[in-house]
>>> print(open('my_file_18.tsv').read())   # TSV, C-alpha atoms
chain	number	residue	atom	x	y	z
A	1	MET	CA	-65.06	-24.14	-34.63
A	2	SER	CA	-65.36	-22.69	-38.06
A	3	LEU	CA	-67.64	-23.34	-40.99
A	4	GLN	CA	-64.99	-25.60	-42.56
A	5	ASP	CA	-65.19	-28.01	-39.63
A	6	ILE	CA	-68.79	-28.96	-40.38
A	7	GLU	CA	-68.48	-29.17	-44.14
A	8	LYS	CA	-68.70	-32.57	-45.80
A	9	ARG	CA	-65.31	-33.87	-46.86
A	10	THR	CA	-63.55	-36.96	-48.19
A	11	ALA	CA	-60.50	-38.47	-46.54
A	12	THR	CA	-58.21	-41.19	-47.87
A	13	GLY	CA	-57.52	-44.13	-45.60
A	14	PRO	CA	-54.16	-45.97	-45.28
A	15	ASP	CA	-55.25	-48.57	-47.91
A	16	GLY	CA	-56.26	-45.88	-50.37
A	17	GLU	CA	-59.97	-46.23	-49.66
A	18	LYS	CA	-62.12	-43.12	-49.79
A	19	ILE	CA	-63.91	-42.24	-46.57
A	20	HIS	CA	-66.81	-39.80	-46.78
A	21	ILE	CA	-67.21	-37.73	-43.66
A	22	ASP	CA	-70.26	-35.66	-42.80
A	23	PRO	CA	-69.33	-34.13	-39.45
A	24	LEU	CA	-72.86	-33.01	-38.60
A	25	SER	CA	-74.25	-36.55	-38.70
A	26	ASP	CA	-71.07	-38.53	-37.89
A	27	TYR	CA	-69.75	-36.59	-34.92
A	28	TYR	CA	-72.86	-34.96	-33.48
A	29	SER	CA	-76.31	-36.05	-32.55
A	30	THR	CA	-79.01	-34.61	-34.76
A	31	ALA	CA	-81.85	-35.53	-32.45
A	32	VAL	CA	-83.75	-32.63	-30.93
A	33	PRO	CA	-84.10	-32.61	-27.14
A	34	GLU	CA	-87.08	-34.30	-25.56
A	35	ALA	CA	-88.95	-33.25	-22.48
A	36	TYR	CA	-88.62	-35.59	-19.50
A	37	GLU	CA	-91.74	-36.58	-17.64
A	38	ASN	CA	-92.69	-34.89	-14.43
A	39	HIS	CA	-95.12	-36.54	-12.04
A	40	SER	CA	-96.54	-34.99	-8.96
A	41	GLY	CA	-96.17	-38.01	-6.74
A	42	ILE	CA	-94.05	-38.51	-3.69
A	43	ILE	CA	-91.14	-39.86	-5.74
A	44	ASP	CA	-90.92	-36.65	-7.70
A	45	LYS	CA	-91.13	-34.57	-4.57
A	46	PHE	CA	-88.19	-36.51	-3.22
A	47	LYS	CA	-86.32	-36.06	-6.49
A	48	ASN	CA	-86.95	-32.33	-6.52
A	49	TRP	CA	-85.79	-32.05	-2.93
A	50	ALA	CA	-82.58	-33.85	-3.83
A	51	ARG	CA	-82.06	-31.65	-6.90
A	52	ALA	CA	-82.66	-28.46	-4.94
A	53	GLU	CA	-80.22	-29.42	-2.22
A	54	SER	CA	-77.37	-30.23	-4.55
A	55	LEU	CA	-76.91	-27.34	-6.94
A	56	TRP	CA	-73.71	-27.78	-8.87
A	57	ILE	CA	-72.69	-24.64	-10.61
A	58	LEU	CA	-71.23	-24.01	-14.01
A	59	ALA	CA	-70.18	-20.37	-13.83
A	60	PHE	CA	-69.92	-18.31	-16.97
A	61	GLY	CA	-67.92	-15.33	-15.80
A	62	THR	CA	-68.30	-12.85	-18.63
A	63	GLY	CA	-68.37	-9.68	-16.61
A	64	CYS	CA	-67.81	-8.31	-13.15
A	65	GLY	CA	-70.28	-10.83	-11.67
A	66	ALA	CA	-67.63	-13.53	-11.60
A	67	ILE	CA	-65.91	-11.56	-8.84
A	68	GLU	CA	-69.03	-11.65	-6.67
A	69	MET	CA	-69.00	-15.43	-6.79
A	70	ARG	CA	-65.54	-15.84	-5.33
A	71	PRO	CA	-66.42	-14.69	-1.78
A	72	LEU	CA	-69.08	-17.42	-1.68
A	73	MET	CA	-66.34	-20.03	-1.79
A	74	THR	CA	-64.54	-18.51	1.19
A	75	PRO	CA	-65.30	-19.20	4.87
A	76	LYS	CA	-67.09	-15.88	5.30
A	77	TYR	CA	-70.10	-16.83	3.16
A	78	ASP	CA	-69.36	-20.52	2.58
A	79	ALA	CA	-71.99	-21.55	0.06
A	80	TYR	CA	-70.86	-25.17	0.35
A	81	ARG	CA	-72.94	-25.56	3.50
A	82	TYR	CA	-76.06	-25.25	1.32
A	83	GLY	CA	-74.99	-28.09	-0.94
A	84	ILE	CA	-73.74	-25.67	-3.57
A	85	GLN	CA	-70.44	-26.20	-5.28
A	86	TRP	CA	-68.62	-25.09	-8.38
A	87	ARG	CA	-67.75	-27.54	-11.13
A	88	PRO	CA	-65.29	-27.17	-13.99
A	89	THR	CA	-67.39	-28.68	-16.79
A	90	PRO	CA	-70.98	-28.52	-18.07
A	91	ARG	CA	-71.28	-32.31	-17.89
A	92	GLN	CA	-71.08	-32.24	-14.09
A	93	SER	CA	-73.31	-29.28	-13.32
A	94	ASN	CA	-77.01	-28.50	-13.22
A	95	LEU	CA	-77.04	-24.77	-12.51
A	96	PHE	CA	-75.74	-22.38	-15.11
A	97	ILE	CA	-74.92	-18.92	-13.79
A	98	ILE	CA	-74.56	-16.20	-16.39
A	99	SER	CA	-72.83	-13.51	-14.41
A	100	GLY	CA	-72.76	-10.49	-16.65
A	101	TYR	CA	-73.24	-9.12	-20.12
A	102	LEU	CA	-73.29	-11.41	-23.12
A	103	SER	CA	-72.04	-10.34	-26.48
A	104	THR	CA	-73.24	-12.31	-29.49
A	105	LYS	CA	-69.84	-14.00	-29.55
A	106	THR	CA	-70.11	-15.23	-25.96
A	107	LEU	CA	-73.78	-16.09	-26.37
A	108	LYS	CA	-72.73	-18.72	-28.88
A	109	ARG	CA	-70.47	-20.36	-26.28
A	110	VAL	CA	-73.23	-20.09	-23.68
A	111	ILE	CA	-75.67	-21.97	-25.89
A	112	ARG	CA	-73.16	-24.75	-26.54
A	113	ALA	CA	-72.37	-25.07	-22.85
A	114	TYR	CA	-76.05	-25.03	-21.89
A	115	GLU	CA	-76.90	-27.79	-24.33
A	116	GLN	CA	-74.12	-29.98	-22.98
A	117	MET	CA	-75.52	-29.90	-19.45
A	118	PRO	CA	-77.60	-32.92	-18.43
A	119	SER	CA	-81.29	-32.40	-17.62
A	120	PRO	CA	-82.78	-31.24	-15.33
A	121	LYS	CA	-80.88	-28.01	-15.53
A	122	TYR	CA	-81.43	-24.51	-14.25
A	123	VAL	CA	-80.22	-21.10	-15.31
A	124	MET	CA	-79.64	-18.06	-13.16
A	125	GLY	CA	-79.28	-14.65	-14.79
A	126	PHE	CA	-77.05	-12.60	-12.54
A	127	GLY	CA	-76.99	-8.81	-12.75
A	128	SER	CA	-78.84	-6.21	-14.79
A	129	CYS	CA	-77.01	-7.06	-17.98
A	130	THR	CA	-78.84	-10.34	-18.38
A	131	ILE	CA	-82.21	-8.71	-17.63
A	132	ASN	CA	-82.26	-5.70	-19.95
A	133	GLY	CA	-78.70	-5.16	-21.12
A	134	GLY	CA	-77.75	-3.12	-18.05
A	135	MET	CA	-75.22	-0.45	-18.86
A	136	TYR	CA	-74.73	-2.01	-22.29
A	137	PHE	CA	-78.20	-0.98	-23.51
A	138	ASP	CA	-78.68	-0.13	-27.20
A	139	SER	CA	-75.45	-1.86	-28.09
A	140	TYR	CA	-74.53	-3.30	-31.46
A	141	ASN	CA	-73.36	-6.62	-30.07
A	142	THR	CA	-74.67	-7.11	-26.51
A	143	ILE	CA	-77.90	-9.01	-26.07
A	144	ASN	CA	-80.44	-7.46	-23.73
A	145	ARG	CA	-82.77	-10.30	-22.73
A	146	LEU	CA	-81.24	-13.63	-21.83
A	147	ASP	CA	-84.62	-15.41	-21.58
A	148	TYR	CA	-85.13	-15.13	-25.32
A	149	TYR	CA	-82.16	-17.42	-25.93
A	150	ILE	CA	-82.16	-19.91	-23.06
A	151	PRO	CA	-84.84	-20.45	-20.39
A	152	VAL	CA	-84.01	-18.58	-17.20
A	153	ASP	CA	-85.29	-19.75	-13.82
A	154	VAL	CA	-84.17	-16.92	-11.56
A	155	TYR	CA	-82.91	-13.41	-12.17
A	156	VAL	CA	-80.86	-11.59	-9.56
A	157	ALA	CA	-81.11	-7.84	-10.15
A	158	GLY	CA	-78.36	-5.38	-9.39
A	159	CYS	CA	-75.25	-3.91	-10.89
A	160	MET	CA	-73.51	-5.83	-9.42
A	161	PRO	CA	-75.50	-7.71	-6.76
A	162	ARG	CA	-73.58	-8.55	-3.61
A	163	PRO	CA	-72.82	-12.16	-2.64
A	164	GLU	CA	-75.74	-12.05	-0.17
A	165	ALA	CA	-78.08	-11.38	-3.10
A	166	LEU	CA	-76.66	-14.40	-4.83
A	167	LEU	CA	-77.40	-16.53	-1.75
A	168	THR	CA	-80.99	-15.21	-1.77
A	169	GLY	CA	-81.18	-16.14	-5.41
A	170	PHE	CA	-80.13	-19.68	-4.54
A	171	ASP	CA	-82.88	-19.82	-1.91
A	172	LYS	CA	-85.51	-18.68	-4.40
A	173	LEU	CA	-84.29	-21.21	-6.91
A	174	LYS	CA	-84.50	-23.97	-4.31
A	175	GLU	CA	-88.10	-23.03	-3.50
A	176	ARG	CA	-88.90	-23.05	-7.18
A	177	ILE	CA	-87.40	-26.48	-7.74
A	178	LYS	CA	-89.11	-27.94	-4.66
A	179	GLU	CA	-92.46	-26.63	-5.92
A	180	GLY	CA	-91.77	-28.47	-9.16
A	181	ARG	CA	-91.45	-25.31	-11.24
A	182	GLY	CA	-87.83	-25.76	-12.26
A	183	ASN	CA	-88.70	-26.96	-15.73
A	184	GLY	CA	-86.28	-24.96	-17.82
A	185	ALA	CA	-84.96	-27.96	-19.72
A	186	ASN	CA	-88.51	-29.06	-20.60
A	187	GLU	CA	-89.39	-25.58	-21.72
A	188	TYR	CA	-86.31	-25.51	-23.92
A	189	ALA	CA	-87.32	-28.83	-25.49
A	190	GLU	CA	-90.92	-27.78	-26.04
A	191	LYS	CA	-90.15	-24.35	-27.51
A	192	PHE	CA	-86.98	-25.55	-29.21
A	193	ASP	CA	-87.81	-23.98	-32.58
A	194	TRP	CA	-88.59	-20.61	-31.04
A	195	TYR	CA	-85.32	-20.56	-29.10
A	196	LYS	CA	-83.32	-21.61	-32.17
A	197	LYS	CA	-85.01	-18.92	-34.24
A	198	ASN	CA	-84.03	-16.23	-31.73
A	199	GLN	CA	-80.50	-17.59	-31.41
A	200	LYS	CA	-79.96	-17.70	-35.14
A	201	LYS	CA	-81.33	-14.21	-35.57
A	202	VAL	CA	-78.47	-12.88	-33.46
A	203	ILE	CA	-75.66	-15.30	-34.27
A	204	GLU	CA	-74.91	-14.62	-37.91
A	205	ASP	CA	-72.34	-17.34	-38.59
A	206	TRP	CA	-74.00	-20.45	-37.28
A	207	ASP	CA	-71.10	-22.88	-37.62
A	208	MET	CA	-72.19	-25.55	-35.18
A	209	PRO	CA	-74.76	-28.32	-35.07
A	210	ASP	CA	-78.28	-27.26	-34.07
A	211	TYR	CA	-78.19	-29.44	-31.02
A	212	SER	CA	-74.87	-30.72	-29.80
A	213	TRP	CA	-75.09	-32.83	-26.70
B	214	MET	CA	-39.08	16.86	-26.79
B	215	ASN	CA	-38.79	20.15	-28.71
B	216	GLU	CA	-35.32	19.19	-29.94
B	217	LEU	CA	-36.67	15.93	-31.28
B	218	ILE	CA	-39.48	17.67	-33.15
B	219	GLU	CA	-37.01	20.20	-34.64
B	220	LYS	CA	-34.77	17.34	-35.70
B	221	LEU	CA	-37.69	15.52	-37.33
B	222	ARG	CA	-38.85	18.68	-39.07
B	223	LYS	CA	-35.64	18.79	-41.10
B	224	LYS	CA	-36.34	15.37	-42.57
B	225	TYR	CA	-40.13	15.09	-42.73
B	226	PRO	CA	-42.91	17.58	-43.49
B	227	ILE	CA	-44.58	17.33	-40.11
B	228	LYS	CA	-47.23	19.83	-39.04
B	229	ASP	CA	-49.88	20.57	-36.39
B	230	GLU	CA	-47.73	19.70	-33.39
B	231	VAL	CA	-49.71	19.39	-30.18
B	232	TYR	CA	-47.56	19.53	-27.04
B	233	GLN	CA	-49.86	17.59	-24.76
B	234	ARG	CA	-47.43	17.07	-21.90
B	235	GLU	CA	-43.73	17.45	-21.29
B	236	ASN	CA	-43.18	13.93	-22.56
B	237	LEU	CA	-46.09	13.51	-24.98
B	238	THR	CA	-46.43	15.21	-28.35
B	239	PHE	CA	-48.68	14.60	-31.32
B	240	VAL	CA	-47.59	15.37	-34.86
B	241	SER	CA	-49.47	15.12	-38.14
B	242	VAL	CA	-47.97	13.82	-41.32
B	243	GLU	CA	-49.16	13.06	-44.83
B	244	LYS	CA	-50.26	9.54	-45.69
B	245	ASP	CA	-47.32	8.63	-47.94
B	246	GLN	CA	-44.75	9.88	-45.39
B	247	ALA	CA	-46.24	8.12	-42.38
B	248	VAL	CA	-44.55	4.74	-42.55
B	249	ASP	CA	-41.19	6.40	-43.33
B	250	LEU	CA	-41.52	8.61	-40.27
B	251	ILE	CA	-42.55	5.71	-38.02
B	252	THR	CA	-39.67	3.57	-39.27
B	253	HIS	CA	-37.28	6.46	-38.64
B	254	LEU	CA	-38.62	6.95	-35.12
B	255	ARG	CA	-38.23	3.26	-34.39
B	256	ASP	CA	-34.77	2.75	-35.86
B	257	TYR	CA	-33.02	6.06	-35.14
B	258	GLU	CA	-34.87	7.64	-32.23
B	259	GLN	CA	-35.37	4.57	-30.00
B	260	PHE	CA	-39.17	4.63	-30.12
B	261	SER	CA	-39.19	0.86	-29.89
B	262	HIS	CA	-42.68	0.26	-28.52
B	263	LEU	CA	-46.00	0.59	-30.36
B	264	VAL	CA	-48.47	1.52	-27.64
B	265	ILE	CA	-51.62	1.62	-29.75
B	266	LEU	CA	-52.90	2.10	-33.24
B	267	THR	CA	-56.36	3.59	-33.29
B	268	ALA	CA	-58.72	5.54	-35.52
B	269	VAL	CA	-61.15	8.46	-35.29
B	270	ASP	CA	-64.03	9.00	-37.69
B	271	TRP	CA	-64.24	12.64	-38.84
B	272	ILE	CA	-67.40	12.19	-40.83
B	273	GLU	CA	-67.98	15.91	-41.50
B	274	GLU	CA	-64.55	16.28	-43.15
B	275	ASN	CA	-64.87	12.88	-44.88
B	276	LEU	CA	-61.65	11.71	-43.18
B	277	PHE	CA	-60.39	8.95	-40.95
B	278	GLN	CA	-57.65	9.87	-38.53
B	279	LEU	CA	-55.17	7.12	-37.67
B	280	THR	CA	-53.05	7.61	-34.56
B	281	TYR	CA	-49.88	5.62	-34.08
B	282	LEU	CA	-48.76	6.11	-30.49
B	283	LEU	CA	-45.09	5.22	-29.97
B	284	ASN	CA	-43.17	4.99	-26.72
B	285	SER	CA	-39.47	5.18	-26.03
B	286	PRO	CA	-38.48	3.38	-22.83
B	287	SER	CA	-34.95	4.85	-22.86
B	288	LYS	CA	-36.01	8.47	-23.50
B	289	LYS	CA	-39.15	8.07	-21.36
B	290	MET	CA	-41.34	9.89	-23.85
B	291	ASP	CA	-44.27	9.24	-26.17
B	292	ILE	CA	-44.98	10.53	-29.62
B	293	GLY	CA	-48.28	10.22	-31.45
B	294	VAL	CA	-48.23	10.22	-35.24
B	295	ARG	CA	-51.54	11.32	-36.75
B	296	VAL	CA	-52.40	10.47	-40.33
B	297	MET	CA	-55.52	11.65	-42.15
B	298	ILE	CA	-56.83	9.29	-44.80
B	299	ASP	CA	-59.71	9.63	-47.21
B	300	ARG	CA	-62.92	8.27	-45.74
B	301	SER	CA	-64.48	7.26	-49.04
B	302	ASN	CA	-61.41	5.24	-50.04
B	303	PRO	CA	-59.75	4.28	-46.76
B	304	GLU	CA	-56.64	2.26	-47.31
B	305	MET	CA	-53.41	2.41	-45.38
B	306	VAL	CA	-50.01	0.79	-45.67
B	307	SER	CA	-49.56	-1.97	-43.12
B	308	ILE	CA	-46.83	-1.67	-40.48
B	309	HIS	CA	-46.83	-5.30	-39.36
B	310	HIS	CA	-43.24	-5.61	-40.62
B	311	LEU	CA	-42.19	-3.11	-37.92
B	312	TRP	CA	-44.16	-4.60	-35.04
B	313	ALA	CA	-45.87	-7.96	-35.34
B	314	ALA	CA	-48.47	-6.77	-32.83
B	315	ALA	CA	-49.64	-4.12	-35.28
B	316	ALA	CA	-51.38	-6.84	-37.26
B	317	THR	CA	-53.88	-7.29	-34.43
B	318	TYR	CA	-54.64	-3.56	-34.26
B	319	GLN	CA	-55.08	-3.50	-38.01
B	320	ARG	CA	-57.40	-6.48	-37.84
B	321	GLU	CA	-59.52	-4.63	-35.31
B	322	LEU	CA	-59.58	-1.43	-37.36
B	323	PHE	CA	-60.61	-3.35	-40.44
B	324	GLU	CA	-63.48	-4.92	-38.55
B	325	MET	CA	-64.67	-1.88	-36.61
B	326	PHE	CA	-64.01	0.93	-39.11
B	327	GLY	CA	-63.63	-0.92	-42.39
B	328	ILE	CA	-60.11	0.41	-43.02
B	329	PRO	CA	-58.23	-2.17	-45.09
B	330	PHE	CA	-54.51	-2.71	-44.62
B	331	PRO	CA	-53.46	-4.79	-47.64
B	332	ASP	CA	-51.13	-7.74	-46.94
B	333	SER	CA	-51.56	-7.51	-43.19
B	334	PRO	CA	-51.69	-11.08	-41.84
B	335	ARG	CA	-55.08	-12.57	-40.87
B	336	LEU	CA	-56.77	-9.27	-41.67
B	337	LYS	CA	-60.08	-10.79	-42.68
B	338	VAL	CA	-60.32	-13.32	-39.83
B	339	PRO	CA	-63.15	-12.16	-37.52
B	340	PHE	CA	-61.77	-10.55	-34.40
B	341	ILE	CA	-64.76	-9.82	-32.14
B	342	LEU	CA	-67.73	-9.67	-34.50
B	343	GLU	CA	-68.17	-13.15	-35.85
B	344	GLY	CA	-70.10	-13.16	-39.09
B	345	TRP	CA	-70.77	-9.43	-39.15
B	346	LYS	CA	-72.52	-8.23	-42.27
B	347	GLY	CA	-73.11	-4.68	-43.33
B	348	MET	CA	-71.55	-1.44	-42.18
B	349	PRO	CA	-68.74	-1.62	-39.58
B	350	PRO	CA	-70.20	-0.55	-36.24
B	351	TYR	CA	-67.65	2.13	-35.25
B	352	ARG	CA	-68.40	4.29	-38.27
B	353	ARG	CA	-70.41	7.26	-37.13
B	354	ASP	CA	-73.13	6.83	-39.73
B	355	PHE	CA	-73.90	3.38	-38.30
B	356	ASP	CA	-77.19	3.68	-36.39
B	357	THR	CA	-76.56	1.65	-33.24
B	358	LEU	CA	-80.00	2.23	-31.72
B	359	LYS	CA	-81.81	1.14	-34.86
B	360	TYR	CA	-79.61	-1.94	-35.25
B	361	SER	CA	-80.10	-2.89	-31.59
B	362	GLU	CA	-83.86	-2.54	-31.74
B	363	GLU	CA	-84.08	-4.58	-34.92
B	364	THR	CA	-81.70	-7.35	-33.88
B	365	PHE	CA	-82.25	-7.86	-30.17
B	366	PHE	CA	-85.41	-8.00	-28.08
B	367	PRO	CA	-85.73	-4.79	-26.06
B	368	ARG	CA	-87.68	-5.17	-22.85
B	369	PRO	CA	-90.85	-3.04	-22.96
B	370	GLY	CA	-91.64	-0.36	-20.41
B	371	ARG	CA	-88.59	1.79	-20.82
B	372	SER	CA	-88.97	5.57	-20.79
B	373	LYS	CA	-86.48	8.13	-22.03
B	374	LYS	CA	-85.84	11.78	-21.28
B	375	ASP	CA	-84.01	14.28	-23.39
B	376	PRO	CA	-80.85	15.00	-21.33
B	377	ALA	CA	-80.82	18.74	-22.08
B	378	GLU	CA	-84.50	19.22	-21.20
B	379	HIS	CA	-84.20	17.07	-18.10
B	380	MET	CA	-81.20	18.99	-16.72
B	381	LYS	CA	-82.92	22.29	-17.46
B	382	GLU	CA	-85.93	21.17	-15.44
B	383	MET	CA	-83.77	19.92	-12.60
B	384	MET	CA	-81.47	22.95	-12.37
B	385	TYR	CA	-83.70	25.89	-13.37
B	386	PRO	CA	-87.26	24.93	-12.44
B	387	GLU	CA	-88.36	28.59	-12.18
B	388	GLU	CA	-87.91	29.09	-15.94
B	389	ASN	CA	-90.55	26.49	-16.65
B	390	GLY	CA	-92.95	28.05	-14.20
B	391	SER	CA	-93.23	24.82	-12.22
B	392	VAL	CA	-92.27	26.45	-8.91
>>> encode(input="my_file_18.tsv", output="structure tokens")
Amino acid sequence: MSLQDIEKRTATGPDGEKIHIDPLSDYYSTAVPEAYENHSGIIDKFKNWARAESLWILAFGTGCGAIEMRPLMTPKYDAYRYGIQWRPTPRQSNLFIISGYLSTKTLKRVIRAYEQMPSPKYVMGFGSCTINGGMYFDSYNTINRLDYYIPVDVYVAGCMPRPEALLTGFDKLKERIKEGRGNGANEYAEKFDWYKKNQKKVIEDWDMPDYSW
Amino acid sequence: MNELIEKLRKKYPIKDEVYQRENLTFVSVEKDQAVDLITHLRDYEQFSHLVILTAVDWIEENLFQLTYLLNSPSKKMDIGVRVMIDRSNPEMVSIHHLWAAAATYQRELFEMFGIPFPDSPRLKVPFILEGWKGMPPYRRDFDTLKYSEETFFPRPGRSKKDPAEHMKEMMYPEENGSV
């Protein structure tokens, strides 16, 4: 996308009629996200159990972490036996794995992908880069704390962590969800302004709708 | 390689030859002769491949150094052409008519060093830094630490040691009287 794509424009139809297009309101939703309700009853416990046991991953392989994920798909580690599988699109997944450093350019794509995922959704920061910038500390274009831009449920430390560490991370995330603490999407909705403020501080050319699901 | 340099010397005022390896030599040339020399190397000396176009910031001398690294697959040798340009008014003639790929290098140099190459295609389209404002980040007077601390959110609790002092303590503890 570029800034031109979201500018208001006028098109001429086949009969010569003028059509006014405002992409931000015509093509995208302008509604801000809303928190979904969480109860503590038996139904919610069942729901959380089901969510925890079917983690579908959207992997954002920016750095070397993407390589650590591949062995999990092979028979040696076989993450599929835990109900974990990899999906090609944000619309089908509920766990977003950021596996490496994020430059401001990739952060923009991360935010768009995150907002397209259906709630409830979880985020795993994988590797030191997402925690404090890792080896890309004091950089001019690499962010150093992922949780200021999107809510993170679990961090897996290491540079890079081995696939076993990733499996442990999945276990921790499952515990968290079953305890009813996997509320990242709600947190994002409640502190929406704060997250947008941080995102816009870093991303200079904001050429997309504020919320684009 | 020597023969080639001697041959070039008759036609172009080249200087400061650095014989890096048997098949790699760097030569320096003035700004207005550079594109002539590169065109000559491409068309008459079979240096048909542009390996890289990169820049160095010599801030103390107020100069930018551009290095055009050319490769000849048939002669199996490389030649680097170094050009010094004024840092306060950096502008260089584009070579995208010789290699189309040069336009991408020039786009990167414009973004990272602020060296304009007039008439180079898509020069002002952001390459890596989308919406960058202010000083280009690869210039040496750009304060990366300050920019990072102002823009991002550093995690508290980090401690730093001066590398020289730390190594002195580690390697020669008796000088500090700690042993």
>>> interface_residues(input="my_file_18.tsv", of="chain A", to="chain B", cutoff="8 Å", atoms="only C-alpha atoms", output="mmCIF file with C-alpha atoms, keeping the file's coordinate frame")
data_model
loop_
_atom_site.group_PDB
_atom_site.id
_atom_site.type_symbol
_atom_site.label_atom_id
_atom_site.label_comp_id
_atom_site.auth_asym_id
_atom_site.auth_seq_id
_atom_site.Cartn_x
_atom_site.Cartn_y
_atom_site.Cartn_z
ATOM 1 C CA THR A 104 -73.240 -12.310 -29.490
ATOM 2 C CA LYS A 105 -69.840 -14.000 -29.550
ATOM 3 C CA ASN A 132 -82.260 -5.700 -19.950
ATOM 4 C CA ASP A 138 -78.680 -0.130 -27.200
ATOM 5 C CA SER A 139 -75.450 -1.860 -28.090
ATOM 6 C CA TYR A 140 -74.530 -3.300 -31.460
ATOM 7 C CA ASN A 141 -73.360 -6.620 -30.070
ATOM 8 C CA ILE A 143 -77.900 -9.010 -26.070
ATOM 9 C CA ASN A 144 -80.440 -7.460 -23.730
ATOM 10 C CA ARG A 145 -82.770 -10.300 -22.730
ATOM 11 C CA TYR A 148 -85.130 -15.130 -25.320
ATOM 12 C CA LYS A 201 -81.330 -14.210 -35.570
ATOM 13 C CA VAL A 202 -78.470 -12.880 -33.460
ATOM 14 C CA ILE A 203 -75.660 -15.300 -34.270
ATOM 15 C CA GLU A 204 -74.910 -14.620 -37.910
ATOM 16 C CA ASP A 205 -72.340 -17.340 -38.590
#
>>> closest_residue(input="my_file_18.tsv", among="B:Lys220, B:Arg335, B:His262, B:Arg255", to="B:Thr317", atoms="only C-alpha atoms")
B:Arg335
>>> residues_near_point(input="my_file_18.tsv", point="(-53.9, 9.8, -36.5)", cutoff="10 Å", atoms="all atoms listed in the file", output="ChimeraX atom specification")
/B:239-242,244,247,266-269,277-282,293-298
>>> write_last_selection(input="my_file_18.tsv", atoms="C-alpha atoms", output="PDB file, keeping the file's coordinate frame")
ATOM      1  CA  PHE B 239     -48.680  14.600 -31.320  1.00  0.00           C
ATOM      2  CA  VAL B 240     -47.590  15.370 -34.860  1.00  0.00           C
ATOM      3  CA  SER B 241     -49.470  15.120 -38.140  1.00  0.00           C
ATOM      4  CA  VAL B 242     -47.970  13.820 -41.320  1.00  0.00           C
ATOM      5  CA  LYS B 244     -50.260   9.540 -45.690  1.00  0.00           C
ATOM      6  CA  ALA B 247     -46.240   8.120 -42.380  1.00  0.00           C
ATOM      7  CA  LEU B 266     -52.900   2.100 -33.240  1.00  0.00           C
ATOM      8  CA  THR B 267     -56.360   3.590 -33.290  1.00  0.00           C
ATOM      9  CA  ALA B 268     -58.720   5.540 -35.520  1.00  0.00           C
ATOM     10  CA  VAL B 269     -61.150   8.460 -35.290  1.00  0.00           C
ATOM     11  CA  PHE B 277     -60.390   8.950 -40.950  1.00  0.00           C
ATOM     12  CA  GLN B 278     -57.650   9.870 -38.530  1.00  0.00           C
ATOM     13  CA  LEU B 279     -55.170   7.120 -37.670  1.00  0.00           C
ATOM     14  CA  THR B 280     -53.050   7.610 -34.560  1.00  0.00           C
ATOM     15  CA  TYR B 281     -49.880   5.620 -34.080  1.00  0.00           C
ATOM     16  CA  LEU B 282     -48.760   6.110 -30.490  1.00  0.00           C
ATOM     17  CA  GLY B 293     -48.280  10.220 -31.450  1.00  0.00           C
ATOM     18  CA  VAL B 294     -48.230  10.220 -35.240  1.00  0.00           C
ATOM     19  CA  ARG B 295     -51.540  11.320 -36.750  1.00  0.00           C
ATOM     20  CA  VAL B 296     -52.400  10.470 -40.330  1.00  0.00           C
ATOM     21  CA  MET B 297     -55.520  11.650 -42.150  1.00  0.00           C
ATOM     22  CA  ILE B 298     -56.830   9.290 -44.800  1.00  0.00           C
TER      23      ILE B 298
END
>>> residues_around(input="my_file_18.tsv", residues="A:Ile84", least_positions_apart="6", cutoff="7 Å", atoms="all atoms listed in the file", output="mmCIF file with C-alpha atoms, in the frame of the given file")
data_model
loop_
_atom_site.group_PDB
_atom_site.id
_atom_site.type_symbol
_atom_site.label_atom_id
_atom_site.label_comp_id
_atom_site.auth_asym_id
_atom_site.auth_seq_id
_atom_site.Cartn_x
_atom_site.Cartn_y
_atom_site.Cartn_z
ATOM 1 C CA SER A 54 -77.370 -30.230 -4.550
ATOM 2 C CA LEU A 55 -76.910 -27.340 -6.940
ATOM 3 C CA TRP A 56 -73.710 -27.780 -8.870
#
>>> residues_around(input="my_file_18.tsv", residues="stretch 62-66 of chain A", least_positions_apart="5", cutoff="8 Å", atoms="only C-alpha atoms", output="list in words")
Ile98, Ser99, Gly100, Tyr101, Leu102, Thr106, Phe126, Gly127, Met160 and Pro161 of chain A
>>> residues_near_point(input="my_file_18.tsv", point="(-83.3, -31.1, -22.4)", cutoff="12 Å", atoms="all atoms listed in the file", output="number ranges by chain")
A: 31-37, 94, 114-122, 150-151, 183-192, 211-213
>>> residues_around(input="my_file_18.tsv", residues="stretch 71-77 of chain A", least_positions_apart="4", cutoff="9 Å", atoms="all atoms listed in the file", output="number ranges by chain")
A: 67, 85-86, 163-164, 166-167
>>> residues_around(input="my_file_18.tsv", residues="B:Lys224", least_positions_apart="3", cutoff="12 Å", atoms="only C-alpha atoms", output="number ranges by chain")
B: 217-221, 227, 242, 246, 249-250, 253-254
>>> atom_distance(input="my_file_18.tsv", atom1="atom CA of B:Phe260", atom2="atom CA of B:Lys228")
19.4 Å
>>> atom_distance(input="my_file_18.tsv", atom1="atom CA of B:Asp299", atom2="atom CA of B:Val231")
22.0 Å
>>> atom_distance(input="my_file_18.tsv", atom1="atom CA of B:Arg353", atom2="atom CA of B:Val338")
23.1 Å
>>> closest_residue(input="my_file_18.tsv", among="B:Asp291, B:Glu274, B:Asp256, B:Glu321", to="B:Met214", atoms="only C-alpha atoms")
B:Asp291
